[in-house]
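Q: Mind looking over this structure? Questions follow.
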Amino acid sequence: MNDRRRVNGPPGGTRPAVFASNHESSSATHRARRERQPNELRKIFLKTGLIPSASGSSYLEFQPSASLAAARSDPKSLIPPSSALKLACTVHGPKPLPRSVPFSPNLVLTTHVKYAPFAARKRKGHIRDATERDLGVHLETALRGAIIAERWPKSGLDITITILEAEDDRWWADAPDSHDASWGMMNVLAGCITAASAAVADARIDCLDLVAGGVAALVSDDSSESSVVSPKLMLDTDPAEHHSILSACVVAYMPGRDEITELWLKGDSSKAALGKGDERTAHEALIDGAVDAARGAHSVLGDALRESAMQAMQSQ
């Protein structure tokens with residue numbers, strides 16, 4: 001039965017229509033291209049303490065590449081540019097648990113990840129789907145290894161992340177089956193881990209170390225079909241900038257303790273062969289690259305929290 005008090009939006013995307021003539025003439029010029037070095041990360045904007053009603057809050061945004069910025073600045077183009085990650089995180093607690101809940105000697109952590117209806121090209125519903133529940137489980141695992149839960153008995157901590165703009169899984173003009181997996185979800189999870197760690201620190205929750213998320217992928221942009229693929233290891237990949245992604249890895253890393261609290265490998269890298277002189281396997285190269293990306297995000301995380309602490313001291 002439909003809810004008559006609510007005007008539901010369209011089930012599909014709300015992007016303007018692109019005609020075939022414009023597609024053929026502009027597909028080569030408006031396709032996103034990676035202009036960064038393989039080990040160069042995108043710039044991250046991170047700010048804490050933006051929501052006064054919450055115990056801790058943060059806002060994270062990735063800077064789009066130069067090619068996407070040029071496409072957005074063209075007013076005559078109807079080509080929808082690729083999206084950049086934008087998300088907000090709020091932390092409520094620690095707060096006492098209800099009396100109906102059994103006794104817990106440790107802090108009860110609850111994570112909730114939700115896409116805004118306009119965050120992706122395919123419009124999201126009001127009820128969480130399987131993708132959002134999976135992101136919440138991965139986020140809870142990443143933060144549970146960093147928070148000192150035994151210092152907050154009989155208490156609960158609620159972490160809510162709202163994704164305002166998500167990463168695209170592929171370029172808009174590619175075939176629907178060109179990327180078999182949801183590669184953009186890997187970048188979303190890495191951003192959620194970094195933003196949640198900043199919000200938890202802003203809420204003054206005791207942690208072992210700051211947790212940062214990093215992504216690395218094995219990319220093959222060659223059109224030749226051969227049995228042995230020679231991919232390239234890219235850090236902080238944007239799926240819209242590459243023709244084919246073989247496998248990807250996202251980690252939640254604590255540099256101070258040199259520990260990984262969450263590891264997620266996706267894709268098939270069995271046929272991948274690294275360059276000469278590299279004796280590592282494809283999985284080892286992916287994990288090392290994701291750790292390097294997490295270290296870069298950790299530096300931004302530390303600077304943002306340091307700036308927030310200095311502003312709090314000056315205000316007092």
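We name chains A, B, ... following the order of the structure tokens; residues begin at 1 in each chain, and ligands are numbered from 1 as shown.
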Could you pull out the residues in region 124-194 of chain A that DSSP calls helix (DSSP H, G or I) from the backbone, as a ChimeraX atom specification?

A: /A:130-144,149-151,184-194

Q: Deliver the residues from the most recent selection as a file, using N, CA and C atoms, as an mmCIF file, in the first residue's frame.

A:
```cif
data_model
loop_
_atom_site.group_PDB
_atom_site.id
_atom_site.type_symbol
_atom_site.label_atom_id
_atom_site.label_comp_id
_atom_site.auth_asym_id
_atom_site.auth_seq_id
_atom_site.Cartn_x
_atom_site.Cartn_y
_atom_site.Cartn_z
ATOM 1 N N ALA A 130 21.126 -3.978 0.978
ATOM 2 C CA ALA A 130 22.221 -4.872 1.370
ATOM 3 C C ALA A 130 23.569 -4.176 1.298
ATOM 4 N N THR A 131 23.752 -3.281 0.335
ATOM 5 C CA THR A 131 25.025 -2.562 0.216
ATOM 6 C C THR A 131 25.291 -1.691 1.431
ATOM 7 N N GLU A 132 24.292 -0.978 1.874
ATOM 8 C CA GLU A 132 24.470 -0.101 3.034
ATOM 9 C C GLU A 132 24.676 -0.905 4.318
ATOM 10 N N ARG A 133 24.021 -2.042 4.426
ATOM 11 C CA ARG A 133 24.242 -2.882 5.612
ATOM 12 C C ARG A 133 25.653 -3.469 5.612
ATOM 13 N N ASP A 134 26.155 -3.849 4.448
ATOM 14 C CA ASP A 134 27.522 -4.365 4.377
ATOM 15 C C ASP A 134 28.537 -3.290 4.755
ATOM 16 N N LEU A 135 28.318 -2.072 4.302
ATOM 17 C CA LEU A 135 29.222 -0.984 4.675
ATOM 18 C C LEU A 135 29.204 -0.752 6.184
ATOM 19 N N GLY A 136 28.038 -0.857 6.798
ATOM 20 C CA GLY A 136 27.959 -0.697 8.245
ATOM 21 C C GLY A 136 28.710 -1.784 8.997
ATOM 22 N N VAL A 137 28.647 -3.016 8.509
ATOM 23 C CA VAL A 137 29.370 -4.116 9.165
ATOM 24 C C VAL A 137 30.881 -3.918 9.034
ATOM 25 N N HIS A 138 31.354 -3.552 7.839
ATOM 26 C CA HIS A 138 32.789 -3.307 7.657
ATOM 27 C C HIS A 138 33.267 -2.135 8.517
ATOM 28 N N LEU A 139 32.460 -1.099 8.620
ATOM 29 C CA LEU A 139 32.842 0.052 9.435
ATOM 30 C C LEU A 139 32.906 -0.308 10.915
ATOM 31 N N GLU A 140 31.962 -1.094 11.385
ATOM 32 C CA GLU A 140 31.979 -1.509 12.789
ATOM 33 C C GLU A 140 33.206 -2.356 13.099
ATOM 34 N N THR A 141 33.580 -3.242 12.192
ATOM 35 C CA THR A 141 34.776 -4.058 12.405
ATOM 36 C C THR A 141 36.034 -3.203 12.436
ATOM 37 N N ALA A 142 36.096 -2.190 11.585
ATOM 38 C CA ALA A 142 37.278 -1.333 11.540
ATOM 39 C C ALA A 142 37.440 -0.509 12.813
ATOM 40 N N LEU A 143 36.338 -0.016 13.370
ATOM 41 C CA LEU A 143 36.423 0.838 14.555
ATOM 42 C C LEU A 143 36.519 0.045 15.847
ATOM 43 N N ARG A 144 36.013 -1.179 15.844
ATOM 44 C CA ARG A 144 36.041 -1.976 17.069
ATOM 45 C C ARG A 144 37.465 -2.306 17.496
ATOM 46 N N ALA A 149 37.045 -0.353 24.399
ATOM 47 C CA ALA A 149 35.646 -0.557 24.782
ATOM 48 C C ALA A 149 35.477 -0.843 26.273
ATOM 49 N N GLU A 150 36.504 -1.381 26.937
ATOM 50 C CA GLU A 150 36.327 -1.737 28.348
ATOM 51 C C GLU A 150 36.262 -0.529 29.264
ATOM 52 N N ARG A 151 36.568 0.656 28.770
ATOM 53 C CA ARG A 151 36.484 1.857 29.606
ATOM 54 C C ARG A 151 35.078 2.436 29.666
ATOM 55 N N GLY A 184 33.224 1.532 -6.721
ATOM 56 C CA GLY A 184 33.064 2.788 -5.998
ATOM 57 C C GLY A 184 32.774 2.598 -4.526
ATOM 58 N N MET A 185 32.194 1.448 -4.161
ATOM 59 C CA MET A 185 31.901 1.187 -2.757
ATOM 60 C C MET A 185 33.168 1.042 -1.924
ATOM 61 N N MET A 186 34.279 0.657 -2.569
ATOM 62 C CA MET A 186 35.539 0.561 -1.835
ATOM 63 C C MET A 186 36.011 1.940 -1.369
ATOM 64 N N ASN A 187 35.919 2.947 -2.245
ATOM 65 C CA ASN A 187 36.292 4.298 -1.849
ATOM 66 C C ASN A 187 35.339 4.861 -0.799
ATOM 67 N N VAL A 188 34.064 4.494 -0.910
ATOM 68 C CA VAL A 188 33.096 4.956 0.084
ATOM 69 C C VAL A 188 33.439 4.399 1.463
ATOM 70 N N LEU A 189 33.810 3.130 1.535
ATOM 71 C CA LEU A 189 34.164 2.537 2.818
ATOM 72 C C LEU A 189 35.419 3.189 3.402
ATOM 73 N N ALA A 190 36.425 3.443 2.568
ATOM 74 C CA ALA A 190 37.639 4.100 3.065
ATOM 75 C C ALA A 190 37.324 5.488 3.611
ATOM 76 N N GLY A 191 36.469 6.239 2.906
ATOM 77 C CA GLY A 191 36.082 7.553 3.410
ATOM 78 C C GLY A 191 35.279 7.467 4.689
ATOM 79 N N CYS A 192 34.406 6.467 4.798
ATOM 80 C CA CYS A 192 33.627 6.295 6.028
ATOM 81 C C CYS A 192 34.529 5.993 7.219
ATOM 82 N N ILE A 193 35.557 5.193 7.017
ATOM 83 C CA ILE A 193 36.468 4.854 8.114
ATOM 84 C C ILE A 193 37.211 6.094 8.595
ATOM 85 N N THR A 194 37.715 6.890 7.666
ATOM 86 C CA THR A 194 38.459 8.099 8.051
ATOM 87 C C THR A 194 37.555 9.114 8.742
#
```

Q: DSSP on the backbone, then: every residue of region 128-176 of chain A marked strand (DSSP E or B), written as a list in words.

A: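 Here are the strand (DSSP E or B) residues of region 128-176 of chain A: Ile147, Ser155, Gly156, Leu157, Asp158, Ile159, Thr160, Ile161, Thr162, Ile163, Leu164 and Glu165 of chain A.
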
Q: Selected residues, all heavy atoms, written as a JSON list (two decimals), in the first residue's frame, please.

A:
```
[["chain", "number", "residue", "atom", "x", "y", "z"],
["A", 147, "ILE", "N", 38.81, 1.34, 19.27],
["A", 147, "ILE", "CA", 38.19, 1.91, 20.46],
["A", 147, "ILE", "C", 38.48, 1.04, 21.68],
["A", 147, "ILE", "O", 38.39, -0.19, 21.62],
["A", 147, "ILE", "CB", 36.67, 2.06, 20.25],
["A", 147, "ILE", "CG1", 36.39, 3.03, 19.10],
["A", 147, "ILE", "CG2", 35.99, 2.54, 21.52],
["A", 147, "ILE", "CD1", 34.92, 3.18, 18.77],
["A", 155, "SER", "N", 27.37, 1.00, 28.34],
["A", 155, "SER", "CA", 27.16, 2.20, 27.54],
["A", 155, "SER", "C", 27.09, 1.83, 26.07],
["A", 155, "SER", "O", 27.56, 0.77, 25.65],
["A", 155, "SER", "CB", 28.30, 3.22, 27.76],
["A", 155, "SER", "OG", 28.39, 3.57, 29.12],
["A", 156, "GLY", "N", 26.51, 2.70, 25.29],
["A", 156, "GLY", "CA", 26.37, 2.51, 23.86],
["A", 156, "GLY", "C", 26.87, 3.71, 23.09],
["A", 156, "GLY", "O", 26.84, 4.85, 23.58],
["A", 157, "LEU", "N", 27.34, 3.46, 21.90],
["A", 157, "LEU", "CA", 27.86, 4.51, 21.02],
["A", 157, "LEU", "C", 27.25, 4.31, 19.63],
["A", 157, "LEU", "O", 27.40, 3.24, 19.03],
["A", 157, "LEU", "CB", 29.39, 4.44, 20.95],
["A", 157, "LEU", "CG", 30.08, 5.57, 20.16],
["A", 157, "LEU", "CD1", 29.93, 6.89, 20.90],
["A", 157, "LEU", "CD2", 31.56, 5.26, 19.96],
["A", 158, "ASP", "N", 26.58, 5.34, 19.15],
["A", 158, "ASP", "CA", 25.91, 5.28, 17.85],
["A", 158, "ASP", "C", 26.68, 6.15, 16.86],
["A", 158, "ASP", "O", 26.90, 7.35, 17.11],
["A", 158, "ASP", "CB", 24.47, 5.77, 17.94],
["A", 158, "ASP", "CG", 23.61, 4.88, 18.84],
["A", 158, "ASP", "OD1", 23.97, 3.69, 18.98],
["A", 158, "ASP", "OD2", 22.62, 5.38, 19.41],
["A", 159, "ILE", "N", 27.08, 5.56, 15.74],
["A", 159, "ILE", "CA", 27.80, 6.26, 14.68],
["A", 159, "ILE", "C", 26.93, 6.21, 13.43],
["A", 159, "ILE", "O", 26.57, 5.13, 12.95],
["A", 159, "ILE", "CB", 29.17, 5.62, 14.41],
["A", 159, "ILE", "CG1", 30.03, 5.67, 15.67],
["A", 159, "ILE", "CG2", 29.87, 6.32, 13.26],
["A", 159, "ILE", "CD1", 31.37, 4.99, 15.52],
["A", 160, "THR", "N", 26.59, 7.38, 12.92],
["A", 160, "THR", "CA", 25.72, 7.50, 11.75],
["A", 160, "THR", "C", 26.45, 8.26, 10.66],
["A", 160, "THR", "O", 26.97, 9.36, 10.91],
["A", 160, "THR", "CB", 24.41, 8.22, 12.10],
["A", 160, "THR", "OG1", 23.76, 7.54, 13.18],
["A", 160, "THR", "CG2", 23.49, 8.28, 10.89],
["A", 161, "ILE", "N", 26.50, 7.68, 9.48],
["A", 161, "ILE", "CA", 27.16, 8.31, 8.33],
["A", 161, "ILE", "C", 26.12, 8.48, 7.22],
["A", 161, "ILE", "O", 25.44, 7.53, 6.85],
["A", 161, "ILE", "CB", 28.35, 7.47, 7.84],
["A", 161, "ILE", "CG1", 29.47, 7.47, 8.87],
["A", 161, "ILE", "CG2", 28.86, 7.99, 6.50],
["A", 161, "ILE", "CD1", 30.71, 6.73, 8.44],
["A", 162, "THR", "N", 26.04, 9.70, 6.72],
["A", 162, "THR", "CA", 25.17, 10.02, 5.60],
["A", 162, "THR", "C", 26.04, 10.34, 4.39],
["A", 162, "THR", "O", 26.84, 11.28, 4.44],
["A", 162, "THR", "CB", 24.25, 11.21, 5.92],
["A", 162, "THR", "OG1", 23.48, 10.91, 7.08],
["A", 162, "THR", "CG2", 23.33, 11.50, 4.76],
["A", 163, "ILE", "N", 25.91, 9.57, 3.35],
["A", 163, "ILE", "CA", 26.70, 9.76, 2.13],
["A", 163, "ILE", "C", 25.94, 10.73, 1.23],
["A", 163, "ILE", "O", 24.88, 10.41, 0.70],
["A", 163, "ILE", "CB", 26.95, 8.43, 1.42],
["A", 163, "ILE", "CG1", 27.67, 7.47, 2.37],
["A", 163, "ILE", "CG2", 27.76, 8.63, 0.14],
["A", 163, "ILE", "CD1", 27.79, 6.06, 1.83],
["A", 164, "LEU", "N", 26.48, 11.93, 1.08],
["A", 164, "LEU", "CA", 25.84, 12.96, 0.28],
["A", 164, "LEU", "C", 26.12, 12.78, -1.21],
["A", 164, "LEU", "O", 25.26, 13.08, -2.04],
["A", 164, "LEU", "CB", 26.30, 14.34, 0.74],
["A", 164, "LEU", "CG", 26.07, 14.65, 2.22],
["A", 164, "LEU", "CD1", 26.65, 16.01, 2.57],
["A", 164, "LEU", "CD2", 24.59, 14.59, 2.56],
["A", 165, "GLU", "N", 27.30, 12.31, -1.54],
["A", 165, "GLU", "CA", 27.66, 12.03, -2.93],
["A", 165, "GLU", "C", 28.62, 10.86, -2.93],
["A", 165, "GLU", "O", 29.65, 10.89, -2.24],
["A", 165, "GLU", "CB", 28.30, 13.25, -3.59],
["A", 165, "GLU", "CG", 28.55, 13.08, -5.09],
["A", 165, "GLU", "CD", 29.02, 14.36, -5.74],
["A", 165, "GLU", "OE1", 29.00, 15.41, -5.09],
["A", 165, "GLU", "OE2", 29.42, 14.30, -6.92]]
```

Q: Write out as a list in words the residues lying within 10 Å of Ala146 (chain A), counting only C-alpha atoms and excluding same-chain residues fewer than 6 positions away.

A: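 Within the cut-off, the hits are Ser197, Asp206, Cys207, Leu208, Asp209, Leu210, Val211, Ala252, Tyr253, Met254, Glu259, Ile260 and Thr261 of chain A.
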